[in-house]
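**Student:** Pasting entry.cif here (mmCIF, N, CA and C atoms):
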data_upload
#
loop_
_atom_site.label_atom_id
_atom_site.label_comp_id
_atom_site.auth_asym_id
_atom_site.auth_seq_id
_atom_site.Cartn_x
_atom_site.Cartn_y
_atom_site.Cartn_z
N MET X 1 -29.34 97.89 -26.07
CA MET X 1 -30.44 98.30 -25.23
C MET X 1 -30.08 99.65 -24.60
N ALA X 2 -31.01 100.58 -24.67
CA ALA X 2 -30.77 101.92 -24.16
C ALA X 2 -30.90 101.96 -22.65
N ARG X 3 -30.05 102.79 -22.03
CA ARG X 3 -30.13 102.93 -20.58
C ARG X 3 -31.32 103.80 -20.22
N PRO X 4 -31.98 103.49 -19.15
CA PRO X 4 -33.11 104.34 -18.74
C PRO X 4 -32.58 105.69 -18.23
N SER X 5 -33.40 106.68 -18.39
CA SER X 5 -33.05 108.03 -17.95
C SER X 5 -32.99 108.06 -16.43
N ARG X 6 -32.01 108.77 -15.89
CA ARG X 6 -31.86 108.85 -14.43
C ARG X 6 -32.79 109.87 -13.83
N SER X 7 -33.07 110.93 -14.55
CA SER X 7 -33.94 111.95 -13.97
C SER X 7 -35.37 111.71 -14.44
N PRO X 8 -36.34 111.95 -13.61
CA PRO X 8 -37.72 111.70 -14.00
C PRO X 8 -38.23 112.68 -15.06
N ARG X 9 -37.56 113.83 -15.22
CA ARG X 9 -38.01 114.83 -16.18
C ARG X 9 -37.43 114.62 -17.56
N GLY X 10 -36.66 113.61 -17.78
CA GLY X 10 -36.04 113.41 -19.08
C GLY X 10 -34.65 113.99 -19.12
N ARG X 11 -34.20 114.35 -20.30
CA ARG X 11 -32.84 114.86 -20.45
C ARG X 11 -32.73 116.28 -19.96
N ARG X 12 -31.61 116.56 -19.35
CA ARG X 12 -31.33 117.92 -18.88
C ARG X 12 -30.27 118.54 -19.78
N SER X 13 -30.29 119.82 -19.82
CA SER X 13 -29.27 120.54 -20.56
C SER X 13 -27.94 120.38 -19.83
N PRO X 14 -26.84 120.17 -20.55
CA PRO X 14 -25.55 120.03 -19.86
C PRO X 14 -25.15 121.28 -19.10
N LYS X 15 -25.55 122.45 -19.57
CA LYS X 15 -25.21 123.70 -18.88
C LYS X 15 -26.21 124.02 -17.79
N GLY X 16 -27.40 123.46 -17.89
CA GLY X 16 -28.42 123.77 -16.90
C GLY X 16 -28.94 125.17 -17.08
N GLY X 17 -29.69 125.64 -16.14
CA GLY X 17 -30.17 127.02 -16.20
C GLY X 17 -31.47 127.13 -16.97
N THR X 18 -31.98 128.34 -17.00
CA THR X 18 -33.23 128.60 -17.68
C THR X 18 -33.01 129.60 -18.80
N ARG X 19 -33.94 129.63 -19.72
CA ARG X 19 -33.87 130.59 -20.82
C ARG X 19 -34.32 131.96 -20.34
N ARG X 20 -33.68 132.98 -20.85
CA ARG X 20 -34.08 134.34 -20.49
C ARG X 20 -35.20 134.79 -21.41
N ALA X 21 -36.05 135.60 -20.87
CA ALA X 21 -37.13 136.16 -21.67
C ALA X 21 -36.56 137.26 -22.56
N PRO X 22 -37.06 137.39 -23.78
CA PRO X 22 -36.56 138.46 -24.65
C PRO X 22 -36.89 139.83 -24.09
N LYS X 23 -36.03 140.82 -24.38
CA LYS X 23 -36.25 142.17 -23.89
C LYS X 23 -37.36 142.88 -24.67
N LEU X 24 -37.69 142.36 -25.84
CA LEU X 24 -38.74 142.94 -26.65
C LEU X 24 -39.97 142.04 -26.61
N THR X 25 -41.15 142.65 -26.71
CA THR X 25 -42.37 141.86 -26.78
C THR X 25 -42.55 141.34 -28.20
N LYS X 26 -43.51 140.45 -28.38
CA LYS X 26 -43.76 139.87 -29.70
C LYS X 26 -44.11 140.96 -30.72
N GLU X 27 -44.88 141.96 -30.28
CA GLU X 27 -45.28 143.03 -31.20
C GLU X 27 -44.08 143.86 -31.63
N GLN X 28 -43.16 144.12 -30.69
CA GLN X 28 -41.98 144.91 -31.03
C GLN X 28 -41.04 144.14 -31.95
N ILE X 29 -40.95 142.83 -31.77
CA ILE X 29 -40.09 142.02 -32.63
C ILE X 29 -40.65 142.00 -34.04
N ALA X 30 -41.98 141.90 -34.17
CA ALA X 30 -42.60 141.86 -35.49
C ALA X 30 -42.40 143.18 -36.23
N GLN X 31 -42.30 144.29 -35.51
CA GLN X 31 -42.18 145.60 -36.13
C GLN X 31 -40.77 146.16 -36.06
N ILE X 32 -39.77 145.32 -35.88
CA ILE X 32 -38.42 145.83 -35.69
C ILE X 32 -38.02 146.66 -36.90
N ASP X 33 -37.68 147.91 -36.66
CA ASP X 33 -37.38 148.83 -37.73
C ASP X 33 -36.45 149.91 -37.17
N HIS X 34 -35.72 150.58 -38.05
CA HIS X 34 -34.77 151.57 -37.58
C HIS X 34 -35.46 152.82 -37.04
N LEU X 35 -36.76 152.97 -37.28
CA LEU X 35 -37.47 154.14 -36.79
C LEU X 35 -38.07 153.93 -35.41
N HIS X 36 -38.12 152.70 -34.92
CA HIS X 36 -38.65 152.41 -33.59
C HIS X 36 -37.51 152.49 -32.58
N VAL X 37 -37.14 153.72 -32.25
CA VAL X 37 -35.95 153.97 -31.44
C VAL X 37 -36.13 153.44 -30.02
N ASP X 38 -37.34 153.56 -29.47
CA ASP X 38 -37.56 153.10 -28.10
C ASP X 38 -37.35 151.59 -27.98
N ALA X 39 -37.78 150.85 -28.99
CA ALA X 39 -37.59 149.40 -28.98
C ALA X 39 -36.12 149.05 -29.15
N LEU X 40 -35.41 149.83 -29.96
CA LEU X 40 -34.00 149.54 -30.21
C LEU X 40 -33.12 149.89 -29.02
N ARG X 41 -33.54 150.83 -28.20
CA ARG X 41 -32.74 151.20 -27.04
C ARG X 41 -32.64 150.06 -26.03
N ALA X 42 -33.61 149.16 -26.05
CA ALA X 42 -33.54 147.99 -25.17
C ALA X 42 -32.46 147.02 -25.62
N LEU X 43 -32.02 147.14 -26.88
CA LEU X 43 -31.03 146.23 -27.44
C LEU X 43 -29.63 146.82 -27.44
N VAL X 44 -29.48 148.03 -26.91
CA VAL X 44 -28.19 148.72 -26.93
C VAL X 44 -27.79 149.03 -25.49
N THR X 45 -26.52 148.87 -25.17
CA THR X 45 -26.03 149.17 -23.83
C THR X 45 -25.95 150.68 -23.61
N GLU X 46 -25.62 151.08 -22.38
CA GLU X 46 -25.49 152.49 -22.08
C GLU X 46 -24.36 153.13 -22.88
N LYS X 47 -23.37 152.34 -23.21
CA LYS X 47 -22.23 152.85 -23.97
C LYS X 47 -22.49 152.86 -25.47
N GLY X 48 -23.61 152.30 -25.90
CA GLY X 48 -23.95 152.34 -27.31
C GLY X 48 -23.65 151.07 -28.07
N LYS X 49 -23.21 150.03 -27.38
CA LYS X 49 -22.87 148.78 -28.05
C LYS X 49 -24.11 147.89 -28.17
N ILE X 50 -24.19 147.13 -29.25
CA ILE X 50 -25.32 146.23 -29.45
C ILE X 50 -25.16 145.03 -28.52
N ARG X 51 -26.23 144.70 -27.80
CA ARG X 51 -26.19 143.57 -26.88
C ARG X 51 -26.16 142.26 -27.66
N SER X 52 -25.61 141.22 -27.04
CA SER X 52 -25.50 139.92 -27.69
C SER X 52 -26.84 139.19 -27.66
N ARG X 53 -26.92 138.14 -28.44
CA ARG X 53 -28.13 137.32 -28.47
C ARG X 53 -28.39 136.70 -27.11
N ARG X 54 -27.34 136.34 -26.44
CA ARG X 54 -27.50 135.73 -25.12
C ARG X 54 -28.14 136.72 -24.14
N ALA X 55 -27.81 137.99 -24.27
CA ALA X 55 -28.37 138.99 -23.37
C ALA X 55 -29.77 139.42 -23.78
N THR X 56 -30.05 139.47 -25.08
CA THR X 56 -31.36 139.93 -25.53
C THR X 56 -32.40 138.83 -25.54
N GLY X 57 -31.99 137.59 -25.72
CA GLY X 57 -32.94 136.49 -25.77
C GLY X 57 -33.59 136.33 -27.12
N LEU X 58 -33.08 137.00 -28.15
CA LEU X 58 -33.66 136.89 -29.49
C LEU X 58 -33.06 135.70 -30.22
N ASN X 59 -33.80 135.21 -31.23
CA ASN X 59 -33.22 134.16 -32.06
C ASN X 59 -32.29 134.79 -33.09
N ARG X 60 -31.63 133.98 -33.88
CA ARG X 60 -30.58 134.48 -34.78
C ARG X 60 -31.14 135.46 -35.80
N ARG X 61 -32.26 135.12 -36.41
CA ARG X 61 -32.82 135.97 -37.45
C ARG X 61 -33.27 137.33 -36.88
N ASP X 62 -33.95 137.31 -35.74
CA ASP X 62 -34.40 138.56 -35.14
C ASP X 62 -33.24 139.40 -34.64
N GLN X 63 -32.18 138.75 -34.14
CA GLN X 63 -31.00 139.49 -33.69
C GLN X 63 -30.31 140.16 -34.87
N ASN X 64 -30.24 139.47 -36.01
CA ASN X 64 -29.63 140.08 -37.19
C ASN X 64 -30.46 141.27 -37.67
N ARG X 65 -31.78 141.12 -37.66
CA ARG X 65 -32.65 142.24 -38.05
C ARG X 65 -32.49 143.41 -37.10
N ALA X 66 -32.40 143.12 -35.82
CA ALA X 66 -32.25 144.18 -34.82
C ALA X 66 -30.92 144.89 -34.99
N ALA X 67 -29.85 144.14 -35.22
CA ALA X 67 -28.54 144.75 -35.40
C ALA X 67 -28.52 145.64 -36.63
N ARG X 68 -29.15 145.18 -37.71
CA ARG X 68 -29.21 145.99 -38.93
C ARG X 68 -30.02 147.27 -38.67
N ALA X 69 -31.11 147.15 -37.90
CA ALA X 69 -31.93 148.32 -37.60
C ALA X 69 -31.17 149.32 -36.71
N VAL X 70 -30.38 148.81 -35.76
CA VAL X 70 -29.58 149.69 -34.91
C VAL X 70 -28.55 150.44 -35.76
N LYS X 71 -27.93 149.74 -36.69
CA LYS X 71 -26.92 150.38 -37.54
C LYS X 71 -27.54 151.44 -38.44
N GLN X 72 -28.74 151.16 -38.96
CA GLN X 72 -29.43 152.16 -39.78
C GLN X 72 -29.83 153.37 -38.94
N ALA X 73 -30.28 153.12 -37.72
CA ALA X 73 -30.65 154.22 -36.83
C ALA X 73 -29.44 155.07 -36.47
N ARG X 74 -28.28 154.45 -36.35
CA ARG X 74 -27.06 155.21 -36.08
C ARG X 74 -26.72 156.11 -37.26
N GLU X 75 -26.88 155.58 -38.48
CA GLU X 75 -26.59 156.37 -39.67
C GLU X 75 -27.50 157.59 -39.77
N LEU X 76 -28.74 157.44 -39.31
CA LEU X 76 -29.69 158.56 -39.34
C LEU X 76 -29.61 159.43 -38.09
N ALA X 77 -28.64 159.17 -37.23
CA ALA X 77 -28.40 159.92 -36.00
C ALA X 77 -29.56 159.81 -35.02
N LEU X 78 -30.26 158.68 -35.03
CA LEU X 78 -31.31 158.44 -34.06
C LEU X 78 -30.76 157.74 -32.82
N LEU X 79 -29.67 157.00 -32.99
CA LEU X 79 -28.97 156.34 -31.89
C LEU X 79 -27.50 156.72 -31.95
N PRO X 80 -26.82 156.77 -30.81
CA PRO X 80 -25.40 157.15 -30.83
C PRO X 80 -24.50 155.98 -31.22
N TYR X 81 -23.40 156.32 -31.82
CA TYR X 81 -22.35 155.34 -32.06
C TYR X 81 -21.58 155.14 -30.75
N PRO X 82 -21.01 153.95 -30.53
CA PRO X 82 -20.17 153.80 -29.34
C PRO X 82 -18.87 154.56 -29.53
N HIS X 83 -18.52 155.37 -28.54
CA HIS X 83 -17.30 156.16 -28.62
C HIS X 83 -16.14 155.30 -28.14
N PRO X 84 -14.99 155.31 -28.84
CA PRO X 84 -13.88 154.44 -28.43
C PRO X 84 -13.36 154.73 -27.03
N ARG X 85 -13.44 155.98 -26.57
CA ARG X 85 -12.95 156.28 -25.23
C ARG X 85 -13.89 155.81 -24.14
N MET X 86 -15.16 155.60 -24.50
CA MET X 86 -16.13 155.15 -23.51
C MET X 86 -16.07 153.65 -23.31
N ILE X 87 -15.55 152.94 -24.29
CA ILE X 87 -15.47 151.49 -24.19
C ILE X 87 -14.19 151.14 -23.46
N ALA X 88 -14.31 150.44 -22.35
CA ALA X 88 -13.14 150.07 -21.57
C ALA X 88 -12.42 148.94 -22.28
N MET X 89 -11.15 149.14 -22.55
CA MET X 89 -10.35 148.11 -23.19
C MET X 89 -9.41 147.56 -22.14
N PRO X 90 -9.34 146.25 -22.01
CA PRO X 90 -8.46 145.68 -20.99
C PRO X 90 -7.00 146.03 -21.26
N GLY X 91 -6.34 146.50 -20.23
CA GLY X 91 -4.92 146.81 -20.34
C GLY X 91 -4.63 148.20 -20.88
N ARG X 92 -5.67 148.94 -21.24
CA ARG X 92 -5.46 150.29 -21.77
C ARG X 92 -6.25 151.29 -20.96
N GLU X 93 -5.65 151.85 -19.97
CA GLU X 93 -6.31 152.86 -19.18
C GLU X 93 -6.24 154.18 -19.93
N ASP X 94 -6.99 155.15 -19.47
CA ASP X 94 -6.97 156.45 -20.13
C ASP X 94 -5.58 157.06 -19.95
N ARG X 95 -4.91 157.29 -21.05
CA ARG X 95 -3.53 157.77 -21.01
C ARG X 95 -3.45 159.28 -20.86
N GLY X 96 -4.48 159.97 -21.30
CA GLY X 96 -4.44 161.43 -21.21
C GLY X 96 -3.59 162.02 -22.32
N ASP X 97 -3.54 163.33 -22.37
CA ASP X 97 -2.78 164.01 -23.41
C ASP X 97 -1.44 164.52 -22.92
N ASP X 98 -1.07 164.23 -21.67
CA ASP X 98 0.20 164.73 -21.14
C ASP X 98 1.37 163.85 -21.56
N ARG X 99 1.11 162.73 -22.15
CA ARG X 99 2.18 161.84 -22.58
C ARG X 99 2.74 162.33 -23.90
N PRO X 100 4.06 162.37 -24.04
CA PRO X 100 4.63 162.87 -25.29
C PRO X 100 4.30 161.94 -26.45
N ARG X 101 3.96 162.55 -27.57
CA ARG X 101 3.66 161.79 -28.78
C ARG X 101 4.86 161.87 -29.70
N GLY X 102 4.97 160.90 -30.54
CA GLY X 102 6.05 160.94 -31.51
C GLY X 102 6.68 159.58 -31.67
N GLY X 103 7.10 159.31 -32.86
CA GLY X 103 7.69 158.02 -33.14
C GLY X 103 9.17 158.03 -32.84
N GLY X 104 9.86 157.15 -33.46
CA GLY X 104 11.29 157.08 -33.25
C GLY X 104 11.68 155.91 -32.38
N ARG X 105 12.94 155.87 -32.06
CA ARG X 105 13.44 154.74 -31.29
C ARG X 105 13.86 155.16 -29.89
N GLY X 106 13.03 155.95 -29.25
CA GLY X 106 13.32 156.35 -27.89
C GLY X 106 14.19 157.58 -27.78
N ARG X 107 14.53 158.21 -28.90
CA ARG X 107 15.35 159.40 -28.85
C ARG X 107 14.52 160.59 -28.43
N ASP X 108 15.10 161.48 -27.65
CA ASP X 108 14.40 162.71 -27.29
C ASP X 108 14.54 163.71 -28.42
N ARG X 109 13.48 164.37 -28.70
CA ARG X 109 13.51 165.34 -29.79
C ARG X 109 13.90 166.73 -29.29
N ASP X 110 14.02 166.90 -27.98
CA ASP X 110 14.35 168.21 -27.44
C ASP X 110 15.85 168.52 -27.55
N GLU X 111 16.66 167.56 -27.79
CA GLU X 111 18.13 167.77 -27.78
C GLU X 111 18.62 168.50 -28.98
#
What's the structure tokens form of this structure?

**Tutor:**
Amino acid sequence: MARPSRSPRGRRSPKGGTRRAPKLTKEQIAQIDHLHVDALRALVTEKGKIRSRRATGLNRRDQNRAARAVKQARELALLPYPHPRMIAMPGREDRGDDRPRGGGRGRDRDE
């Protein structure tokens, strides 16, 4: 025998919360293309990285189409590529060019 539901609304999501609305309208999703740069800019961060599905609110198929369109727009120079120096990497601060370069086992090359 099944236990009755405790909440009057039925089953709740274990994580709770609400779904986010997609950043694109239905018309923009239907026309997702690498030439619609204004629509694609909503899917890209300020640094040029493609936003995740969780952030955009798109389903899997539309997110894949959007990512492919962003990559095509980058190839045509309509959108910028993310620059490695602009992306913050944990544990790697900007080292600058004043640090000596060169391999070896710690030996100084000036001697």

**Student:** Using only C-alpha atoms for the distances, tell me which of X:Ala30, X:Leu24, X:Leu35, X:Ala55 is nearest to Ala69 of chain X.

**Tutor:**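 Of X:Ala30, X:Leu24, X:Leu35, X:Ala55, the one nearest Ala69 of chain X is X:Leu35, counting only C-alpha atoms.
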
**Student:** One decimal, in Å: what's the spacing between atom C of Tyr81 of chain X and atom N of Gly57 of chain X?

**Tutor:**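 We find that atom C of Tyr81 of chain X and atom N of Gly57 of chain X lie 21.0 Å from each other.
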
**Student:** Find the distance between atom N of Gln28 of chain X and atom N of Pro80 of chain X and write it in Å to one decimal.

**Tutor:**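 Atom N of Gln28 of chain X sits 20.7 Å away from atom N of Pro80 of chain X.
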
**Student:** Quote the spacing between atom N of Arg60 of chain X and atom C of Pro82 of chain X in Å to one decimal place.

**Tutor:**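 Taking atom N of Arg60 of chain X as the start and atom C of Pro82 of chain X as the end point, the length is 24.6 Å.
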
**Student:** Which residues are close to His34 of chain X, i.e. within 8 Å by all atoms listed in the file, leaving aside same-chain residues fewer than 2 positions away? Reply as a PyMOL selection string.

**Tutor:** chain X and resi 31-32+36-38+40+65-66+68-74+78

**Student:** Taking the file as I've supplied it (selection: the PyMOL selection byres (((chain X and resi 47 and name CA) around 12) and name CA)), which residues are included? Please answer as a PDB file with N, CA and C atoms, in the coordinates of the input.

**Tutor:**
ATOM      1  N   ARG X  41     -33.540 150.830 -28.200  1.00  0.00           N
ATOM      2  CA  ARG X  41     -32.740 151.200 -27.040  1.00  0.00           C
ATOM      3  C   ARG X  41     -32.640 150.060 -26.030  1.00  0.00           C
ATOM      4  N   LEU X  43     -32.020 147.140 -26.880  1.00  0.00           N
ATOM      5  CA  LEU X  43     -31.030 146.230 -27.440  1.00  0.00           C
ATOM      6  C   LEU X  43     -29.630 146.820 -27.440  1.00  0.00           C
ATOM      7  N   VAL X  44     -29.480 148.030 -26.910  1.00  0.00           N
ATOM      8  CA  VAL X  44     -28.190 148.720 -26.930  1.00  0.00           C
ATOM      9  C   VAL X  44     -27.790 149.030 -25.490  1.00  0.00           C
ATOM     10  N   THR X  45     -26.520 148.870 -25.170  1.00  0.00           N
ATOM     11  CA  THR X  45     -26.030 149.170 -23.830  1.00  0.00           C
ATOM     12  C   THR X  45     -25.950 150.680 -23.610  1.00  0.00           C
ATOM     13  N   GLU X  46     -25.620 151.080 -22.380  1.00  0.00           N
ATOM     14  CA  GLU X  46     -25.490 152.490 -22.080  1.00  0.00           C
ATOM     15  C   GLU X  46     -24.360 153.130 -22.880  1.00  0.00           C
ATOM     16  N   GLY X  48     -23.610 152.300 -25.900  1.00  0.00           N
ATOM     17  CA  GLY X  48     -23.950 152.340 -27.310  1.00  0.00           C
ATOM     18  C   GLY X  48     -23.650 151.070 -28.070  1.00  0.00           C
ATOM     19  N   LYS X  49     -23.210 150.030 -27.380  1.00  0.00           N
ATOM     20  CA  LYS X  49     -22.870 148.780 -28.050  1.00  0.00           C
ATOM     21  C   LYS X  49     -24.110 147.890 -28.170  1.00  0.00           C
ATOM     22  N   ILE X  50     -24.190 147.130 -29.250  1.00  0.00           N
ATOM     23  CA  ILE X  50     -25.320 146.230 -29.450  1.00  0.00           C
ATOM     24  C   ILE X  50     -25.160 145.030 -28.520  1.00  0.00           C
ATOM     25  N   ARG X  51     -26.230 144.700 -27.800  1.00  0.00           N
ATOM     26  CA  ARG X  51     -26.190 143.570 -26.880  1.00  0.00           C
ATOM     27  C   ARG X  51     -26.160 142.260 -27.660  1.00  0.00           C
ATOM     28  N   LEU X  79     -29.670 157.000 -32.990  1.00  0.00           N
ATOM     29  CA  LEU X  79     -28.970 156.340 -31.890  1.00  0.00           C
ATOM     30  C   LEU X  79     -27.500 156.720 -31.950  1.00  0.00           C
ATOM     31  N   PRO X  80     -26.820 156.770 -30.810  1.00  0.00           N
ATOM     32  CA  PRO X  80     -25.400 157.150 -30.830  1.00  0.00           C
ATOM     33  C   PRO X  80     -24.500 155.980 -31.220  1.00  0.00           C
ATOM     34  N   TYR X  81     -23.400 156.320 -31.820  1.00  0.00           N
ATOM     35  CA  TYR X  81     -22.350 155.340 -32.060  1.00  0.00           C
ATOM     36  C   TYR X  81     -21.580 155.140 -30.750  1.00  0.00           C
ATOM     37  N   PRO X  82     -21.010 153.950 -30.530  1.00  0.00           N
ATOM     38  CA  PRO X  82     -20.170 153.800 -29.340  1.00  0.00           C
ATOM     39  C   PRO X  82     -18.870 154.560 -29.530  1.00  0.00           C
ATOM     40  N   HIS X  83     -18.520 155.370 -28.540  1.00  0.00           N
ATOM     41  CA  HIS X  83     -17.300 156.160 -28.620  1.00  0.00           C
ATOM     42  C   HIS X  83     -16.140 155.300 -28.140  1.00  0.00           C
ATOM     43  N   PRO X  84     -14.990 155.310 -28.840  1.00  0.00           N
ATOM     44  CA  PRO X  84     -13.880 154.440 -28.430  1.00  0.00           C
ATOM     45  C   PRO X  84     -13.360 154.730 -27.030  1.00  0.00           C
ATOM     46  N   ARG X  85     -13.440 155.980 -26.570  1.00  0.00           N
ATOM     47  CA  ARG X  85     -12.950 156.280 -25.230  1.00  0.00           C
ATOM     48  C   ARG X  85     -13.890 155.810 -24.140  1.00  0.00           C
ATOM     49  N   MET X  86     -15.160 155.600 -24.500  1.00  0.00           N
ATOM     50  CA  MET X  86     -16.130 155.150 -23.510  1.00  0.00           C
ATOM     51  C   MET X  86     -16.070 153.650 -23.310  1.00  0.00           C
ATOM     52  N   ILE X  87     -15.550 152.940 -24.290  1.00  0.00           N
ATOM     53  CA  ILE X  87     -15.470 151.490 -24.190  1.00  0.00           C
ATOM     54  C   ILE X  87     -14.190 151.140 -23.460  1.00  0.00           C
ATOM     55  N   ALA X  88     -14.310 150.440 -22.350  1.00  0.00           N
ATOM     56  CA  ALA X  88     -13.140 150.070 -21.570  1.00  0.00           C
ATOM     57  C   ALA X  88     -12.420 148.940 -22.280  1.00  0.00           C
TER      58      ALA X  88
END

**Student:** Between X:Leu58, X:Ala77, X:Ala42, X:Asn64, which one has atoms that come closest to Lys26 of chain X, using only C-alpha atoms?

**Tutor:**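 The closest residue to Lys26 of chain X is X:Leu58.
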
**Student:** Could you please write out, as number ranges by chain, every residue of segment 35-80 of chain X that DSSP assigns to alpha helix (DSSP H)?

**Tutor:** X: 37-41, 53-56, 60-75

**Student:** Using 3 Å of padding on each side, determine the axis-aligned box around all atoms of segment 76-86 of chain X present in the file and give its centre and edge lengths in Å to one decimal, as lines of an AutoDock Vina configuration file.

**Tutor:**
center_x = -22.1
center_y = 156.8
center_z = -31.3
size_x = 24.4
size_y = 12.3
size_z = 22.0
